[in-house]
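Novice: I'm passing along coords30.pdb; it holds PDB, C-alpha atoms and all ligand atoms.
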```
MODEL        1
ATOM      1  CA  MET A  22     106.349  91.445 102.169  1.00  0.00           C
ATOM      2  CA  PHE A  23     107.166  91.274  98.447  1.00  0.00           C
ATOM      3  CA  TYR A  24     109.741  92.718  96.081  1.00  0.00           C
ATOM      4  CA  TYR A  25     108.676  96.016  94.540  1.00  0.00           C
ATOM      5  CA  TYR A  26     110.502  98.632  92.513  1.00  0.00           C
ATOM      6  CA  GLY A  27     111.040 101.705  94.730  1.00  0.00           C
ATOM      7  CA  ARG A  28     110.118  99.969  97.947  1.00  0.00           C
ATOM      8  CA  LYS A  29     111.534 101.460 101.144  1.00  0.00           C
ATOM      9  CA  LYS A  30     112.661  98.225 102.787  1.00  0.00           C
ATOM     10  CA  GLN A  31     116.384  99.070 103.028  1.00  0.00           C
ATOM     11  CA  ILE A  32     115.848 102.615 104.301  1.00  0.00           C
ATOM     12  CA  ALA A  33     112.651 102.299 106.376  1.00  0.00           C
ATOM     13  CA  LYS A  34     114.738 102.605 109.547  1.00  0.00           C
ATOM     14  CA  HIS A  35     115.881 106.115 108.560  1.00  0.00           C
ATOM     15  CA  TYR A  36     112.379 107.611 108.706  1.00  0.00           C
ATOM     16  CA  PRO A  37     110.792 108.847 111.965  1.00  0.00           C
ATOM     17  CA  GLN A  38     108.909 106.223 113.924  1.00  0.00           C
ATOM     18  CA  PRO A  39     105.136 106.612 113.652  1.00  0.00           C
ATOM     19  CA  SER A  40     103.707 108.650 116.519  1.00  0.00           C
ATOM     20  CA  HIS A  41     100.021 107.982 115.799  1.00  0.00           C
ATOM     21  CA  GLU A  42      97.841 104.921 116.274  1.00  0.00           C
ATOM     22  CA  MET A  43      97.147 104.731 112.572  1.00  0.00           C
ATOM     23  CA  ILE A  44      99.537 104.663 109.593  1.00  0.00           C
ATOM     24  CA  ILE A  45      98.190 105.593 106.176  1.00  0.00           C
ATOM     25  CA  GLU A  46     100.219 104.920 103.028  1.00  0.00           C
ATOM     26  CA  PRO A  47      98.339 106.663 100.194  1.00  0.00           C
ATOM     27  CA  PHE A  48     100.918 105.415  97.625  1.00  0.00           C
ATOM     28  CA  ALA A  49     101.163 101.904  99.025  1.00  0.00           C
ATOM     29  CA  GLY A  50     103.306  99.818  96.653  1.00  0.00           C
ATOM     30  CA  ALA A  51     104.792  97.115  98.893  1.00  0.00           C
ATOM     31  CA  ALA A  52     104.245  99.317 101.990  1.00  0.00           C
ATOM     32  CA  ALA A  53     107.681  98.643 103.456  1.00  0.00           C
ATOM     33  CA  TYR A  54     107.388 101.425 106.080  1.00  0.00           C
ATOM     34  CA  SER A  55     104.194  99.976 107.572  1.00  0.00           C
ATOM     35  CA  PHE A  56     105.770  96.520 107.619  1.00  0.00           C
ATOM     36  CA  HIS A  57     109.043  97.711 109.193  1.00  0.00           C
ATOM     37  CA  ALA A  58     109.981  96.821 112.798  1.00  0.00           C
ATOM     38  CA  ASP A  59     106.873  97.094 115.008  1.00  0.00           C
ATOM     39  CA  ASN A  60     105.019  99.509 112.729  1.00  0.00           C
ATOM     40  CA  TRP A  61     102.815  96.694 111.426  1.00  0.00           C
ATOM     41  CA  ARG A  62     101.111  96.493 114.848  1.00  0.00           C
ATOM     42  CA  LYS A  63      99.407  99.851 114.219  1.00  0.00           C
ATOM     43  CA  GLU A  64      96.138 100.281 112.424  1.00  0.00           C
ATOM     44  CA  VAL A  65      97.344 100.357 108.794  1.00  0.00           C
ATOM     45  CA  LEU A  66      95.463 101.673 105.774  1.00  0.00           C
ATOM     46  CA  LEU A  67      96.933 101.224 102.303  1.00  0.00           C
ATOM     47  CA  ILE A  68      95.738 103.091  99.239  1.00  0.00           C
ATOM     48  CA  GLU A  69      97.036 102.053  95.826  1.00  0.00           C
ATOM     49  CA  LYS A  70      95.798 103.110  92.401  1.00  0.00           C
ATOM     50  CA  ASP A  71      97.248 100.164  90.454  1.00  0.00           C
ATOM     51  CA  LYS A  72      94.601  97.458  90.826  1.00  0.00           C
ATOM     52  CA  ARG A  73      97.147  94.693  90.274  1.00  0.00           C
ATOM     53  CA  VAL A  74      99.084  95.883  93.338  1.00  0.00           C
ATOM     54  CA  ALA A  75      95.969  96.509  95.463  1.00  0.00           C
ATOM     55  CA  ASP A  76      94.800  92.977  94.551  1.00  0.00           C
ATOM     56  CA  ILE A  77      98.029  91.461  95.897  1.00  0.00           C
ATOM     57  CA  TRP A  78      97.398  93.211  99.220  1.00  0.00           C
ATOM     58  CA  ASP A  79      93.745  92.176  99.230  1.00  0.00           C
ATOM     59  CA  TRP A  80      94.813  88.574  98.707  1.00  0.00           C
ATOM     60  CA  LEU A  81      97.505  88.728 101.441  1.00  0.00           C
ATOM     61  CA  ILE A  82      95.201  90.445 103.954  1.00  0.00           C
ATOM     62  CA  ASN A  83      91.919  88.671 103.320  1.00  0.00           C
ATOM     63  CA  GLU A  84      92.480  85.357 101.564  1.00  0.00           C
ATOM     64  CA  ALA A  85      95.896  83.755 101.452  1.00  0.00           C
ATOM     65  CA  THR A  86      97.049  81.130 103.941  1.00  0.00           C
ATOM     66  CA  SER A  87     100.676  80.392 104.844  1.00  0.00           C
ATOM     67  CA  GLN A  88     100.310  76.883 103.496  1.00  0.00           C
ATOM     68  CA  GLU A  89      98.921  78.145 100.201  1.00  0.00           C
ATOM     69  CA  ILE A  90     101.854  80.544  99.767  1.00  0.00           C
ATOM     70  CA  LYS A  91     104.417  77.878 100.697  1.00  0.00           C
ATOM     71  CA  SER A  92     102.988  75.554  98.098  1.00  0.00           C
ATOM     72  CA  LEU A  93     103.129  78.121  95.254  1.00  0.00           C
ATOM     73  CA  PRO A  94     105.574  76.774  92.669  1.00  0.00           C
ATOM     74  CA  ASP A  95     109.181  77.972  92.598  1.00  0.00           C
ATOM     75  CA  LEU A  96     110.327  79.622  89.390  1.00  0.00           C
ATOM     76  CA  LYS A  97     113.087  78.243  87.201  1.00  0.00           C
ATOM     77  CA  PRO A  98     115.367  80.512  85.169  1.00  0.00           C
ATOM     78  CA  GLY A  99     114.397  80.387  81.511  1.00  0.00           C
ATOM     79  CA  GLU A 100     110.692  79.627  81.991  1.00  0.00           C
ATOM     80  CA  LYS A 101     107.997  82.196  81.230  1.00  0.00           C
ATOM     81  CA  SER A 102     105.389  83.728  83.530  1.00  0.00           C
ATOM     82  CA  SER A 103     102.487  86.107  82.995  1.00  0.00           C
ATOM     83  CA  GLU A 104     101.698  86.472  86.734  1.00  0.00           C
ATOM     84  CA  PHE A 105     101.998  90.101  87.871  1.00  0.00           C
ATOM     85  CA  LEU A 106     103.216  88.955  91.308  1.00  0.00           C
ATOM     86  CA  HIS A 107     106.110  87.154  89.580  1.00  0.00           C
ATOM     87  CA  ILE A 108     106.823  89.951  87.130  1.00  0.00           C
ATOM     88  CA  ILE A 109     107.383  92.597  89.846  1.00  0.00           C
ATOM     89  CA  HIS A 110     110.152  90.410  91.266  1.00  0.00           C
ATOM     90  CA  ALA A 111     112.280  91.104  88.177  1.00  0.00           C
ATOM     91  CA  ALA A 112     114.046  93.981  90.001  1.00  0.00           C
ATOM     92  CA  THR A 113     113.532  96.454  87.167  1.00  0.00           C
ATOM     93  CA  LYS A 114     111.137  99.343  86.761  1.00  0.00           C
ATOM     94  CA  GLN A 115     110.356  98.175  83.217  1.00  0.00           C
ATOM     95  CA  ALA A 116     108.583  95.211  84.805  1.00  0.00           C
ATOM     96  CA  PHE A 117     105.326  97.174  85.135  1.00  0.00           C
ATOM     97  CA  LYS A 118     104.987  97.218  81.354  1.00  0.00           C
ATOM     98  CA  TYR A 119     105.512  93.498  80.763  1.00  0.00           C
ATOM     99  CA  LYS A 120     102.591  91.167  80.094  1.00  0.00           C
ATOM    100  CA  ASN A 121     104.867  88.165  80.512  1.00  0.00           C
ATOM    101  CA  ILE A 122     108.455  87.658  81.469  1.00  0.00           C
ATOM    102  CA  LYS A 123     111.297  85.208  81.032  1.00  0.00           C
ATOM    103  CA  VAL A 124     112.443  84.203  84.499  1.00  0.00           C
ATOM    104  CA  THR A 125     116.029  85.315  85.275  1.00  0.00           C
ATOM    105  CA  PRO A 126     118.142  83.891  88.135  1.00  0.00           C
ATOM    106  CA  VAL A 127     117.553  87.191  90.019  1.00  0.00           C
ATOM    107  CA  LEU A 128     113.773  86.924  89.626  1.00  0.00           C
ATOM    108  CA  ALA A 129     113.776  83.255  90.718  1.00  0.00           C
ATOM    109  CA  ARG A 130     115.813  84.137  93.828  1.00  0.00           C
ATOM    110  CA  ASN A 131     113.671  87.207  94.700  1.00  0.00           C
ATOM    111  CA  TRP A 132     110.516  85.118  94.350  1.00  0.00           C
ATOM    112  CA  GLU A 133     111.916  82.401  96.621  1.00  0.00           C
ATOM    113  CA  ILE A 134     112.699  85.023  99.288  1.00  0.00           C
ATOM    114  CA  SER A 135     109.283  86.719  98.998  1.00  0.00           C
ATOM    115  CA  LYS A 136     107.456  83.409  99.234  1.00  0.00           C
ATOM    116  CA  ARG A 137     109.174  82.743 102.531  1.00  0.00           C
ATOM    117  CA  ILE A 138     108.634  86.274 103.892  1.00  0.00           C
ATOM    118  CA  MET A 139     104.958  86.311 102.855  1.00  0.00           C
ATOM    119  CA  SER A 140     104.165  82.896 104.292  1.00  0.00           C
ATOM    120  CA  GLU A 141     105.965  83.594 107.591  1.00  0.00           C
ATOM    121  CA  ASN A 142     104.481  87.064 108.148  1.00  0.00           C
ATOM    122  CA  LEU A 143     100.905  86.799 106.986  1.00  0.00           C
ATOM    123  CA  ASP A 144      99.603  87.247 110.545  1.00  0.00           C
ATOM    124  CA  LYS A 145     101.221  90.663 110.793  1.00  0.00           C
ATOM    125  CA  VAL A 146      99.001  92.132 108.076  1.00  0.00           C
ATOM    126  CA  SER A 147      95.732  90.381 108.843  1.00  0.00           C
ATOM    127  CA  HIS A 148      94.302  93.529 110.531  1.00  0.00           C
ATOM    128  CA  TRP A 149      95.436  95.901 107.728  1.00  0.00           C
ATOM    129  CA  LYS A 150      93.046  97.428 105.217  1.00  0.00           C
ATOM    130  CA  VAL A 151      93.595  98.171 101.552  1.00  0.00           C
ATOM    131  CA  VAL A 152      91.665 100.360  99.151  1.00  0.00           C
ATOM    132  CA  CYS A 153      92.231 100.500  95.408  1.00  0.00           C
ATOM    133  CA  GLY A 154      92.005 104.167  94.478  1.00  0.00           C
ATOM    134  CA  ASP A 155      93.628 107.546  94.131  1.00  0.00           C
ATOM    135  CA  PHE A 156      95.653 108.960  97.053  1.00  0.00           C
ATOM    136  CA  SER A 157      93.101 111.766  97.314  1.00  0.00           C
ATOM    137  CA  SER A 158      90.368 109.275  98.287  1.00  0.00           C
ATOM    138  CA  ALA A 159      92.061 108.676 101.667  1.00  0.00           C
ATOM    139  CA  PRO A 160      89.905 109.498 104.708  1.00  0.00           C
ATOM    140  CA  ASP A 161      90.561 112.881 106.303  1.00  0.00           C
ATOM    141  CA  VAL A 162      91.717 111.520 109.658  1.00  0.00           C
ATOM    142  CA  GLU A 163      94.570 112.039 112.094  1.00  0.00           C
ATOM    143  CA  ALA A 164      97.348 109.567 111.373  1.00  0.00           C
ATOM    144  CA  THR A 165     100.984 109.082 110.530  1.00  0.00           C
ATOM    145  CA  TRP A 166     100.913 109.680 106.789  1.00  0.00           C
ATOM    146  CA  PHE A 167     103.750 107.962 104.955  1.00  0.00           C
ATOM    147  CA  ILE A 168     103.606 109.564 101.521  1.00  0.00           C
ATOM    148  CA  ASP A 169     105.877 107.953  98.937  1.00  0.00           C
ATOM    149  CA  PRO A 170     104.705 108.879  95.422  1.00  0.00           C
ATOM    150  CA  PRO A 171     106.525 108.077  92.168  1.00  0.00           C
ATOM    151  CA  TYR A 172     109.416 110.550  92.318  1.00  0.00           C
ATOM    152  CA  LYS A 173     109.224 113.723  90.260  1.00  0.00           C
ATOM    153  CA  SER A 174     111.169 113.734  86.990  1.00  0.00           C
ATOM    154  CA  GLU A 175     111.686 110.011  86.925  1.00  0.00           C
ATOM    155  CA  PRO A 176     111.491 109.270  83.230  1.00  0.00           C
ATOM    156  CA  GLY A 177     108.091 107.967  82.076  1.00  0.00           C
ATOM    157  CA  MET A 178     108.903 104.270  82.410  1.00  0.00           C
ATOM    158  CA  GLY A 179     108.013 102.511  85.598  1.00  0.00           C
ATOM    159  CA  TYR A 180     104.761 102.411  87.549  1.00  0.00           C
ATOM    160  CA  HIS A 181     101.548 102.108  85.596  1.00  0.00           C
ATOM    161  CA  TYR A 182     100.459 105.331  87.346  1.00  0.00           C
ATOM    162  CA  SER A 183     103.693 107.217  86.880  1.00  0.00           C
ATOM    163  CA  SER A 184     105.158 110.606  87.818  1.00  0.00           C
ATOM    164  CA  ALA A 185     103.889 112.006  84.498  1.00  0.00           C
ATOM    165  CA  MET A 186     100.318 111.653  85.783  1.00  0.00           C
ATOM    166  CA  LEU A 187     100.804 113.519  89.058  1.00  0.00           C
ATOM    167  CA  ASN A 188     100.358 117.230  89.707  1.00  0.00           C
ATOM    168  CA  TYR A 189     103.028 117.703  92.380  1.00  0.00           C
ATOM    169  CA  GLU A 190     101.890 121.175  93.454  1.00  0.00           C
ATOM    170  CA  GLU A 191      98.424 119.783  94.158  1.00  0.00           C
ATOM    171  CA  LEU A 192      99.911 116.768  95.916  1.00  0.00           C
ATOM    172  CA  ALA A 193     102.007 119.092  98.119  1.00  0.00           C
ATOM    173  CA  ARG A 194      98.923 121.149  99.067  1.00  0.00           C
ATOM    174  CA  TRP A 195      97.016 117.973  99.876  1.00  0.00           C
ATOM    175  CA  ALA A 196      99.895 116.567 101.972  1.00  0.00           C
ATOM    176  CA  ARG A 197     100.251 119.806 103.958  1.00  0.00           C
ATOM    177  CA  GLY A 198      96.562 119.618 104.814  1.00  0.00           C
ATOM    178  CA  ARG A 199      96.773 116.161 106.453  1.00  0.00           C
ATOM    179  CA  LYS A 200      95.973 115.846 110.142  1.00  0.00           C
ATOM    180  CA  GLY A 201      98.648 114.337 112.358  1.00  0.00           C
ATOM    181  CA  GLU A 202     102.132 113.600 111.079  1.00  0.00           C
ATOM    182  CA  VAL A 203     103.408 113.685 107.495  1.00  0.00           C
ATOM    183  CA  ILE A 204     106.506 111.841 106.304  1.00  0.00           C
ATOM    184  CA  PHE A 205     106.969 112.622 102.611  1.00  0.00           C
ATOM    185  CA  CYS A 206     109.606 110.885 100.469  1.00  0.00           C
ATOM    186  CA  GLU A 207     111.257 112.279  97.342  1.00  0.00           C
ATOM    187  CA  GLY A 208     114.427 112.111  95.284  1.00  0.00           C
ATOM    188  CA  LEU A 209     116.880 114.510  93.704  1.00  0.00           C
ATOM    189  CA  PHE A 210     114.238 116.482  91.788  1.00  0.00           C
ATOM    190  CA  GLY A 211     111.804 117.018  94.652  1.00  0.00           C
ATOM    191  CA  ASP A 212     111.342 120.811  94.670  1.00  0.00           C
ATOM    192  CA  TYR A 213     107.685 121.341  95.606  1.00  0.00           C
ATOM    193  CA  LEU A 214     108.058 121.063  99.400  1.00  0.00           C
ATOM    194  CA  PRO A 215     110.942 122.127 101.686  1.00  0.00           C
ATOM    195  CA  PHE A 216     112.645 118.722 101.477  1.00  0.00           C
ATOM    196  CA  LYS A 217     115.741 117.972 103.566  1.00  0.00           C
ATOM    197  CA  SER A 218     118.445 115.474 102.686  1.00  0.00           C
ATOM    198  CA  LEU A 219     117.872 112.048 104.247  1.00  0.00           C
ATOM    199  CA  LEU A 220     120.644 109.913 102.766  1.00  0.00           C
ATOM    200  CA  ASP A 221     122.530 108.912  99.635  1.00  0.00           C
ATOM    201  CA  LEU A 222     121.502 105.435  98.649  1.00  0.00           C
ATOM    202  CA  LYS A 223     124.075 103.192  96.987  1.00  0.00           C
ATOM    203  CA  GLY A 224     122.489 101.112  94.256  1.00  0.00           C
ATOM    204  CA  VAL A 225     123.751  98.643  91.687  1.00  0.00           C
ATOM    205  CA  ALA A 226     126.987  99.399  89.789  1.00  0.00           C
ATOM    206  CA  GLY A 227     127.921 102.158  92.261  1.00  0.00           C
ATOM    207  CA  LYS A 228     124.951 104.318  91.227  1.00  0.00           C
ATOM    208  CA  VAL A 229     124.008 106.699  94.022  1.00  0.00           C
ATOM    209  CA  SER A 230     120.497 108.059  94.380  1.00  0.00           C
ATOM    210  CA  LYS A 231     119.547 110.911  96.638  1.00  0.00           C
ATOM    211  CA  GLU A 232     116.719 110.431  99.124  1.00  0.00           C
ATOM    212  CA  VAL A 233     115.104 113.520 100.621  1.00  0.00           C
ATOM    213  CA  MET A 234     112.254 113.893 103.097  1.00  0.00           C
ATOM    214  CA  TYR A 235     109.716 116.493 104.138  1.00  0.00           C
ATOM    215  CA  TYR A 236     108.440 116.116 107.699  1.00  0.00           C
ATOM    216  CA  GLN A 237     105.513 117.849 109.319  1.00  0.00           C
ATOM    217  CA  ALA A 238     103.969 117.199 112.702  1.00  0.00           C
ATOM    218  CA  GLU A 239     100.893 118.682 114.271  1.00  0.00           C
ATOM    219  CA  MET A 240     100.571 118.730 118.026  1.00  0.00           C
ATOM    220  CA  LYS A 241      98.176 116.088 119.241  1.00  0.00           C
ATOM    221  CA  LYS A 242      95.087 117.028 121.266  1.00  0.00           C
ATOM    222  CA  GLY A 243      96.152 117.454 124.876  1.00  0.00           C
ATOM    223  CA  GLN A 244      99.695 118.497 123.990  1.00  0.00           C
ATOM    224  CA  LEU A 245      98.403 122.024 123.359  1.00  0.00           C
ATOM    225  CA  GLU A 246      97.483 122.368 127.008  1.00  0.00           C
ATOM    226  CA  ILE A 247     100.998 121.477 128.088  1.00  0.00           C
ATOM    227  CA  PHE A 248     102.423 124.269 125.954  1.00  0.00           C
ATOM    228  CA  SER A 249      99.835 126.993 126.714  1.00  0.00           C
TER     229      SER A 249
HETATM  230  C1  LIG A 301     107.304 104.737  95.166  1.00  0.00           C
HETATM  231  S1  LIG A 301     105.988 103.559  95.040  1.00  0.00           S
HETATM  232  C2  LIG A 301     105.637 103.243  96.732  1.00  0.00           C
HETATM  233  C3  LIG A 301     106.644 102.301  97.319  1.00  0.00           C
HETATM  234  C4  LIG A 301     106.300 101.887  98.742  1.00  0.00           C
HETATM  235  N1  LIG A 301     106.543 102.967  99.692  1.00  0.00           N
HETATM  236  C5  LIG A 301     107.060 100.642  99.135  1.00  0.00           C
HETATM  237  O1  LIG A 301     107.746 100.640 100.172  1.00  0.00           O
HETATM  238  O2  LIG A 301     106.978  99.650  98.404  1.00  0.00           O
HETATM  239  C6  LIG A 301     104.625 104.546  94.512  1.00  0.00           C
HETATM  240  C7  LIG A 301     103.302 103.810  94.347  1.00  0.00           C
HETATM  241  O3  LIG A 301     102.265 104.764  94.139  1.00  0.00           O
HETATM  242  C8  LIG A 301     101.301 104.224  93.242  1.00  0.00           C
HETATM  243  N2  LIG A 301     100.564 105.364  92.676  1.00  0.00           N
HETATM  244  C9  LIG A 301     100.896 106.167  91.627  1.00  0.00           C
HETATM  245  N3  LIG A 301      99.992 107.153  91.466  1.00  0.00           N
HETATM  246  C10 LIG A 301      99.057 106.997  92.441  1.00  0.00           C
HETATM  247  C11 LIG A 301      97.881 107.734  92.821  1.00  0.00           C
HETATM  248  N4  LIG A 301      97.490 108.816  92.142  1.00  0.00           N
HETATM  249  N5  LIG A 301      97.176 107.317  93.896  1.00  0.00           N
HETATM  250  C12 LIG A 301      97.565 106.203  94.593  1.00  0.00           C
HETATM  251  N6  LIG A 301      98.656 105.453  94.273  1.00  0.00           N
HETATM  252  C13 LIG A 301      99.406 105.849  93.214  1.00  0.00           C
HETATM  253  C14 LIG A 301     102.148 103.439  92.252  1.00  0.00           C
HETATM  254  O4  LIG A 301     101.378 102.452  91.595  1.00  0.00           O
HETATM  255  C15 LIG A 301     103.217 102.835  93.173  1.00  0.00           C
HETATM  256  O5  LIG A 301     102.818 101.593  93.648  1.00  0.00           O
ENDMDL
END
```
Go ahead and express the file in the form of structure tokens.
Specialist:
Amino acid sequence: MFYYYGRKKQIAKHYPQPSHEMIIEPFAGAAAYSFHADNWRKEVLLIEKDKRVADIWDWLINEATSQEIKSLPDLKPGEKSSEFLHIIHAATKQAFKYKNIKVTPVLARNWEISKRIMSENLDKVSHWKVVCGDFSSAPDVEATWFIDPPYKSEPGMGYHYSSAMLNYEELARWARGRKGEVIFCEGLFGDYLPFKSLLDLKGVAGKVSKEVMYYQAEMKKGQLEIFS
């Protein structure tokens, strides 16, 4: 729905399709997996620790109207903004640290695109739920769990709640204990679960970043009988 550093929009199609009625994203960000293709039709629960990000979702799900979004002002390169929703469109991970920003042509263009996407797709998220909190506060229910934390060993800059604040061994134990299906995203330094290579992602200036995934599926009730 909106631009977000580390969002999975370009690569959402490479992950397994959700096999459960509910999708939970305990590290929500812009929740590109839940929004992808027909996934948004499922029951979707987002959990996000950064209140500024959770508030954007709360606004999109519970308050905003298409007309209101369409009539938000466009941004002009050179002007300043202190709106968090504008700042995250700067296409840089430093953006999370800024209190205000000078609008660049890239930011202005990203904002124009997001305004259109948000206003045209508001209906798709109207049944979603968002909670501002730690991933560990997620309900212990059967679901497709799309777990996309800040990647291990990414230098301190970036998300307000960054990789430096996560205990990855604990996170791995927690993820393994989820009921249903677990799709877990990581990068080059993911070493705390048996990750398998997913793809090499080409970024700006020919920079390639490695995407890896850990996948775990539990048989659903009923399936056991077929196999026994
Ligand atoms: C890699 S981003 C998620 C990107 C998302 N999959 C998307 O498509 O936009 C990780 C997110 O986890 C959030 N986060 C960091 N620590 C968290 C925690 N302990 N509990 C919940 N969310 C957390 C960050 O604020 C950030 O928004």
Novice: Which residues are close to stretch 41-57 of chain A, i.e. within 8 Å by all atoms listed in the file, leaving aside same-chain residues fewer than 5 positions away? Reply as JSON, numbers by chain.
Specialist: {"A": [22, 23, 24, 25, 28, 29, 30, 33, 34, 63, 64, 65, 66, 67, 68, 69, 70, 74, 155, 156, 157, 159, 163, 164, 165, 166, 167, 168, 169, 170, 201, 202]}
Novice: So, with all atoms listed in the file as the atoms that count, which of A:Glu239, A:Glu100, A:Glu175, A:Glu84 lies closest to A:Val146?
Specialist: A:Glu84
Novice: In Å to one decimal, how far is atom CA of A:Asn131 from atom CA of A:Ser92?
Specialist: 16.2 Å
Novice: Mind working out the centre and edge lengths of an axis-aligned box for ligand LIG 301 (chain A), all listed atoms inside, 5 Å added to each side, rounded to one decimal in Å and written as lines of an AutoDock Vina configuration file?
Specialist:
```
center_x = 102.5
center_y = 104.2
center_z = 95.8
size_x = 20.6
size_y = 19.2
size_z = 18.7
```
Novice: Counting only C-alpha atoms, which residue out of A:Gly208, A:Ala185, A:Lys120, A:Val233 sits closest to A:Leu220?
Specialist: A:Val233
Novice: Tell me, as a ChimeraX atom specification, which residues lie within 7 Å of A:Leu143, counting only C-alpha atoms; anything in the same chain fewer than 3 positions away does not count.
Specialist: /A:81,87,139-140,146-147
Novice: Taking 5 positions as the minimum chain separation for residues in the same chain, which residues sit within 12 Å of A:Asn83 when counting all atoms listed in the file? Answer as a JSON list (two decimals) with C-alpha atoms, in the frame of the given file.
Specialist:
```json
[["chain", "number", "residue", "atom", "x", "y", "z"],
["A", 75, "ALA", "CA", 95.97, 96.51, 95.46],
["A", 76, "ASP", "CA", 94.80, 92.98, 94.55],
["A", 77, "ILE", "CA", 98.03, 91.46, 95.90],
["A", 78, "TRP", "CA", 97.40, 93.21, 99.22],
["A", 143, "LEU", "CA", 100.90, 86.80, 106.99],
["A", 144, "ASP", "CA", 99.60, 87.25, 110.54],
["A", 146, "VAL", "CA", 99.00, 92.13, 108.08],
["A", 147, "SER", "CA", 95.73, 90.38, 108.84],
["A", 148, "HIS", "CA", 94.30, 93.53, 110.53],
["A", 149, "TRP", "CA", 95.44, 95.90, 107.73],
["A", 150, "LYS", "CA", 93.05, 97.43, 105.22],
["A", 151, "VAL", "CA", 93.60, 98.17, 101.55]]
```
Novice: Go ahead and compute the interatomic distance for atom CA of A:Pro171 and atom N3 of ligand LIG 301 (chain A), in Å to one decimal.
Specialist: 6.6 Å
Novice: Go through A:Val152, A:Ser184, A:Gly27, A:Gly99 and flag the residue nearest A:Lys72, using only C-alpha atoms for the distances.
Specialist: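 Using only C-alpha atoms, the shortest distance to A:Lys72 belongs to A:Val152.
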Novice: Looking at A:Ser183, A:Gln115, A:Asn188, A:Gln237, which one is nearest to ligand LIG 301 (chain A), with distances taken over only C-alpha atoms and all ligand atoms?
Specialist: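 When distances to ligand LIG 301 (chain A) are compared using only C-alpha atoms and all ligand atoms, the smallest one comes from A:Ser183.
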Novice: If the PyMOL selection byres (((chain A and resi 219) around 9) and not hetatm) were run on this exact file, what residues would it hold? Put them as a PDB file with C-alpha atoms, in the frame of the given file.
Specialist:
```pdb
ATOM      1  CA  HIS A  35     115.881 106.115 108.560  1.00  0.00           C
ATOM      2  CA  TYR A  36     112.379 107.611 108.706  1.00  0.00           C
ATOM      3  CA  PHE A 216     112.645 118.722 101.477  1.00  0.00           C
ATOM      4  CA  LYS A 217     115.741 117.972 103.566  1.00  0.00           C
ATOM      5  CA  SER A 218     118.445 115.474 102.686  1.00  0.00           C
ATOM      6  CA  LEU A 220     120.644 109.913 102.766  1.00  0.00           C
ATOM      7  CA  ASP A 221     122.530 108.912  99.635  1.00  0.00           C
ATOM      8  CA  LYS A 231     119.547 110.911  96.638  1.00  0.00           C
ATOM      9  CA  GLU A 232     116.719 110.431  99.124  1.00  0.00           C
ATOM     10  CA  VAL A 233     115.104 113.520 100.621  1.00  0.00           C
ATOM     11  CA  MET A 234     112.254 113.893 103.097  1.00  0.00           C
TER      12      MET A 234
END
```
Novice: Just say which residues the PyMOL selection byres (((chain A and resi 118) around 10) and not hetatm) picks in this file, as a list in words.
Specialist: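 For this structure, the PyMOL selection byres (((chain A and resi 118) around 10) and not hetatm) captures Ile108, Ile109, Lys114, Gln115, Ala116, Phe117, Tyr119, Lys120, Asn121, Met178, Gly179, Tyr180 and His181 of chain A.
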Novice: Measuring atom to atom with all atoms listed in the file, identify which of A:Trp195, A:Trp80, A:Trp132, A:Tyr236 is nearest to ligand LIG 301 (chain A).
Specialist: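 Closest to ligand LIG 301 (chain A) of all the choices is A:Trp195.
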